[in-house]
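Enquirer: Before I ask anything, let me first share the structure, which is written out below as structure tokens.
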Amino acid sequence: DVANDEDFKANALDKVKRLRNHPSIALWCGANETHPKPELDSYLRAIVAQEDHNDRMYKSSSNQDGLSGSGWWGNQPPKHHFETSGSNLAWNKPPYPYGSDRGYGMRSEIGTATFPSYESIKQFIPESQLWPLPTDEQLKNDDDNVWNKHYFGKEASNANPVNYKTAVDDQFGKSSGLEEFAEKAQFLNIEVMKGMYEAWDDKMWNDAAGLLIWMSQSAYPSFVWQTYDYYYDATGAYWGAKMACEPLHIQWNSSSNSVKAVNTTSNDLNRATATAVVYNLHGKQMPRYGKAVNIDVAASDIAEAFKLNFNPDNLAAGKNAMASSTSATGGATFAFDGGTGSRWESDASDPQWVYVDLGQKEKISEVVLKWENAYARAYEIQISDNAKNWETVYSTTEGKGNTEVVTFKPVAARFVRMNGIKRATEFGYSIYEMEVYSKKRTEKELTPLHFIRLELKDANGKLLSENFYWRNGENDLDYTALNTLPKASVSCEIIKTSIEKGEGEIEVSLRNNSQTVAFGNRLRLVNKKTQQRVLPLIMPENYLTLMPGEQKTISIKASADQMRGGVELLLKQYGQSEESKASFELKQ
């Protein structure tokens, strides 16, 4: 049958009237990744104006005309999203591959592959095929594999399950079974989804107006594009999104180490306190790396509190710099900003140089060069007192690229220069970071894998936002040291239970009674009588981490009907067996 314009109009009008009061509507789009024909476009624009009173914007197309496009739909590490600024576009590495405007903007469709919980997967994958996961070859080519039928295979298309599986294995370590893999996947889900939203927060109103994810729930049990699964069990992606989207929020940029407070409310936030506490892998607080400042954040705005310095012995961090030339990626200071998400790049010719002004004479004996792929085959390290007369303290014609550690006899100097003589590639010299050290360096206390806890409090000390990250300072995205954590003793005390208007609520006090980190604790409820999961659960957070001696109270709400017959509270600490922590009945 030929589509009828009048039927289309009637259907559209009904939808606008039916959905206009729904709180989740962000904008109206006339067509998906194209435009309606002009007469229908005019009609749609008019009914939105009339029936929704233009409370939400109408756009003709979902990914054009001021909306910044679509994608990605596969997992990308947080740095990918933080680093895709205008300067990075000049690297011919567009951050988002679809749409005419490839900046941040208002991105109307973005998503990630998302593995559900182990308990959910068991409900739709036959037991005989739960493990091992399909091979990469099967994921790419096998049509008949049951995993493919649920979009962990060829049908997943640009959700890229091969990349997802590889990321879980590489970042958290290979798994011996599905339960282990599904648990590790939740922490990838948290990091990817939280990083995506926080990258937009980081640049709010600076070519970043917002983003909509594809999608919040799958209509069919699957492994793609969901924050809570078909059975209403919240994945790590849900908890990552929930954290990043809180109205008052504090966050860390994994690329630049900048800590910012985000205020998406209509009220100014004054005299707040932003705090960062850094812990090593064993849960010991590292005061040398933490910070605390007072901060004001205007309504609907962001404010940088500080930058974390994970390398305080580096004399060059944050200092003024000069270079013989720079490309569109940015100035010389990018090689001294303390973050590997930015870089200095010269013109594609020889010779070229970059130097740092330490601000005063310092006794130095080591320079570390962290090269991008475009490195120097022949170069010199030079020093000066006036940036005019240079003395060479090291030279090589066999530069290796990657990270090069150059040592020399201790010498006093104010200016330190890398003088590039011959390039190893056709491109200009490119340095992520150039670090300068004195002869005496502080012994490393900070383990390669460590933890960052951020807090934002109001003028009265009330906690407004709390955030938590894991970081590897030596081998980015390698979190396998988490698998070495010993089991911590976590107690769960039921403080109170109640039932009101068909909703049951439980307050649980969790405490880490050990001298080790209790990482990634997941809480869930099971009905004692039916042994079915109680879903959905409404909680402030899950997969939470407790430092030694730390205590936290969590409120859990769910349908009272699902709790009839008694409830069992289960806790699973990362890498450990799930344990029953409490068994009780809710009484009216």
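Note on naming: chains are A, B, ... as they come in the structure tokens, residues start from 1 per chain, ligands start from 1 in the order shown.
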Return as number ranges by chain the full set of residues in range 178-386 of chain A whose backbone-based DSSP assignment is strand (DSSP E or B).
Expert: A: 208-213, 217, 224, 228, 234, 248-252, 258-263, 269-280, 285, 291-297, 301-307, 321-323, 344-345, 352-371, 376-384
Enquirer: For Asn163 in chain A, which residue out of A:Tyr231, A:Trp73, A:Tyr118, A:Tyr220 is the nearest one, using only C-alpha atoms?
Expert: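 Looking at the shortest contact to Asn163 in chain A, the residue is A:Trp73.
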Enquirer: Select, from A:Leu188, A:Val16, A:Leu482, A:Leu358, the residue with the minimum atom-to-atom distance to Pro448 in chain A, counting only C-alpha atoms.
Expert: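 Of A:Leu188, A:Val16, A:Leu482, A:Leu358, the one nearest Pro448 in chain A is A:Leu482, counting only C-alpha atoms.
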Enquirer: Which residues are close to Ser555 in chain A, i.e. within 9 Å by only C-alpha atoms, leaving aside same-chain residues fewer than 4 positions away? Reply as a PyMOL selection string.
Expert: chain A and resi 505-509+538-540
Enquirer: Just want the 6 Å neighbourhood of range 292-305 of chain A, counted on only C-alpha atoms, with same-chain residues fewer than 6 positions away dropped. Output as a compact mmCIF listing (two decimals) with N, CA, C and O atoms, in the first residue's frame.
Expert:
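Result file part.txt:
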# COMPACT_ATOMS: atom_id res chain seq x y z
N VAL A 259 40.09 17.95 37.40
CA VAL A 259 38.91 17.65 38.22
C VAL A 259 37.97 18.83 38.15
O VAL A 259 38.36 19.96 38.45
N LYS A 260 36.73 18.57 37.72
CA LYS A 260 35.76 19.65 37.55
C LYS A 260 34.48 19.34 38.32
O LYS A 260 34.09 18.18 38.47
N ALA A 261 33.84 20.42 38.77
CA ALA A 261 32.51 20.32 39.34
C ALA A 261 31.51 20.75 38.28
O ALA A 261 31.73 21.73 37.57
N VAL A 262 30.42 20.01 38.19
CA VAL A 262 29.40 20.24 37.17
C VAL A 262 28.08 20.59 37.87
O VAL A 262 27.64 19.87 38.76
N ASN A 263 27.48 21.68 37.46
CA ASN A 263 26.21 22.13 38.04
C ASN A 263 25.19 22.28 36.92
O ASN A 263 25.21 23.26 36.18
N THR A 264 24.30 21.31 36.79
CA THR A 264 23.26 21.39 35.75
C THR A 264 21.93 21.88 36.32
O THR A 264 20.91 21.77 35.67
N THR A 265 21.96 22.40 37.55
CA THR A 265 20.75 22.93 38.15
C THR A 265 20.58 24.41 37.78
O THR A 265 21.46 25.02 37.16
N SER A 266 19.49 24.99 38.21
CA SER A 266 19.22 26.41 37.92
C SER A 266 19.68 27.33 39.04
O SER A 266 19.39 28.52 39.03
N ASN A 267 20.39 26.77 40.04
CA ASN A 267 20.87 27.57 41.17
C ASN A 267 22.39 27.56 41.23
O ASN A 267 23.03 26.53 40.98
N ASP A 268 22.98 28.70 41.58
CA ASP A 268 24.43 28.76 41.77
C ASP A 268 24.83 27.90 42.96
O ASP A 268 24.08 27.78 43.95
N LEU A 269 26.01 27.32 42.87
CA LEU A 269 26.59 26.59 44.00
C LEU A 269 27.78 27.40 44.50
O LEU A 269 28.77 27.57 43.79
N ASN A 270 27.67 27.92 45.72
CA ASN A 270 28.71 28.77 46.27
C ASN A 270 29.34 28.15 47.51
O ASN A 270 28.69 27.43 48.27
N ARG A 271 30.63 28.45 47.68
CA ARG A 271 31.40 28.02 48.85
C ARG A 271 31.38 26.51 49.05
O ARG A 271 31.33 26.01 50.16
N ALA A 272 31.40 25.78 47.94
CA ALA A 272 31.48 24.32 48.01
C ALA A 272 32.94 23.90 48.18
O ALA A 272 33.87 24.72 48.02
N THR A 273 33.15 22.65 48.52
CA THR A 273 34.50 22.11 48.66
C THR A 273 34.64 20.89 47.75
O THR A 273 33.82 19.97 47.81
N ALA A 274 35.68 20.91 46.92
CA ALA A 274 36.00 19.78 46.06
C ALA A 274 37.24 19.09 46.62
O ALA A 274 38.25 19.74 46.90
N THR A 275 37.16 17.77 46.79
CA THR A 275 38.24 17.01 47.40
C THR A 275 38.57 15.78 46.56
O THR A 275 37.66 15.12 46.04
Enquirer: Using only C-alpha atoms, pick whichever of A:Gly428, A:Pro116, A:Pro410, A:Gly103 has the shortest atom-to-atom distance to Ala234 in chain A.
Expert: A:Pro116
Enquirer: Could you name the residues that touch Glu83 in chain A at 10 Å or less, counting only C-alpha atoms, but leaving out those on the same chain fewer than 6 positions away, as a VMD selection string?
Expert: chain A and resid 89 95 199 253 to 256 340 to 342
Enquirer: Produce a file of the selected residues containing N, CA, C and O atoms, as a PDB file, in the first residue's frame.
Expert:
ATOM      1  N   LEU A  89      40.521  16.779  15.944  1.00  0.00           N
ATOM      2  CA  LEU A  89      39.971  16.568  14.609  1.00  0.00           C
ATOM      3  C   LEU A  89      41.040  16.827  13.554  1.00  0.00           C
ATOM      4  O   LEU A  89      41.015  16.242  12.472  1.00  0.00           O
ATOM      5  N   PRO A  95      36.308  11.918  15.933  1.00  0.00           N
ATOM      6  CA  PRO A  95      35.850  11.203  17.110  1.00  0.00           C
ATOM      7  C   PRO A  95      34.597  10.390  16.864  1.00  0.00           C
ATOM      8  O   PRO A  95      34.438   9.316  17.398  1.00  0.00           O
ATOM      9  N   ALA A 199      32.658  13.173  29.434  1.00  0.00           N
ATOM     10  CA  ALA A 199      33.374  13.921  28.388  1.00  0.00           C
ATOM     11  C   ALA A 199      32.541  15.091  27.894  1.00  0.00           C
ATOM     12  O   ALA A 199      33.075  16.170  27.589  1.00  0.00           O
ATOM     13  N   ASN A 253      38.949  13.967  34.591  1.00  0.00           N
ATOM     14  CA  ASN A 253      39.260  13.784  33.174  1.00  0.00           C
ATOM     15  C   ASN A 253      40.484  12.882  33.078  1.00  0.00           C
ATOM     16  O   ASN A 253      41.584  13.277  33.451  1.00  0.00           O
ATOM     17  N   SER A 254      40.306  11.671  32.579  1.00  0.00           N
ATOM     18  CA  SER A 254      41.389  10.687  32.539  1.00  0.00           C
ATOM     19  C   SER A 254      42.473  11.060  31.548  1.00  0.00           C
ATOM     20  O   SER A 254      43.554  10.465  31.544  1.00  0.00           O
ATOM     21  N   SER A 255      42.214  12.031  30.704  1.00  0.00           N
ATOM     22  CA  SER A 255      43.203  12.472  29.727  1.00  0.00           C
ATOM     23  C   SER A 255      44.080  13.590  30.267  1.00  0.00           C
ATOM     24  O   SER A 255      45.305  13.541  30.181  1.00  0.00           O
ATOM     25  N   SER A 256      43.461  14.611  30.860  1.00  0.00           N
ATOM     26  CA  SER A 256      44.200  15.791  31.326  1.00  0.00           C
ATOM     27  C   SER A 256      44.420  15.816  32.833  1.00  0.00           C
ATOM     28  O   SER A 256      45.142  16.671  33.332  1.00  0.00           O
ATOM     29  N   THR A 340      48.724  12.614  29.009  1.00  0.00           N
ATOM     30  CA  THR A 340      49.092  12.030  27.711  1.00  0.00           C
ATOM     31  C   THR A 340      47.955  12.097  26.704  1.00  0.00           C
ATOM     32  O   THR A 340      48.037  11.484  25.638  1.00  0.00           O
ATOM     33  N   GLY A 341      46.904  12.827  27.018  1.00  0.00           N
ATOM     34  CA  GLY A 341      45.815  12.979  26.064  1.00  0.00           C
ATOM     35  C   GLY A 341      46.049  14.107  25.071  1.00  0.00           C
ATOM     36  O   GLY A 341      45.271  14.306  24.156  1.00  0.00           O
ATOM     37  N   SER A 342      47.131  14.850  25.276  1.00  0.00           N
ATOM     38  CA  SER A 342      47.460  15.941  24.365  1.00  0.00           C
ATOM     39  C   SER A 342      48.923  15.793  23.973  1.00  0.00           C
ATOM     40  O   SER A 342      49.682  15.060  24.601  1.00  0.00           O
TER      41      SER A 342
END
Enquirer: Excluding same-chain residues fewer than 5 positions from Trp28 in chain A, what lies within 8 Å of it counting only C-alpha atoms, as a ChimeraX atom specification?
Expert: /A:48,56-59
Enquirer: Which residues are close to Lys529 in chain A, i.e. within 12 Å by only C-alpha atoms, leaving aside same-chain residues fewer than 4 positions away? Reply as a list in words.
Expert: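 The filter keeps Arg533, Val534, Gln562, Met563, Arg564, Gly565, Gly566, Val567, Glu568, Ser583, Phe584 and Glu585 of chain A.
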Enquirer: Using C-alpha atoms, can you write the selected residues to a file as a compact mmCIF listing (two decimals), in the first residue's frame?
Expert:
# COMPACT_ATOMS: atom_id res chain seq x y z
CA ARG A 533 15.58 -12.24 41.60
CA VAL A 534 13.80 -9.19 43.01
CA GLN A 562 8.24 -9.56 44.98
CA MET A 563 9.44 -9.68 48.60
CA ARG A 564 6.56 -11.73 49.99
CA GLY A 565 7.80 -14.92 51.62
CA GLY A 566 11.07 -13.36 52.72
CA VAL A 567 14.17 -11.89 51.12
CA GLU A 568 17.82 -12.88 50.99
CA SER A 583 17.77 -13.17 55.44
CA PHE A 584 14.61 -11.42 56.62
CA GLU A 585 10.92 -10.68 56.03
Enquirer: A:Ser430, A:Ala219, A:Thr484, A:Glu183: which is nearest Arg522 in chain A, counting only C-alpha atoms?
Expert: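 Among A:Ser430, A:Ala219, A:Thr484, A:Glu183, it is A:Glu183 that comes nearest to Arg522 in chain A.
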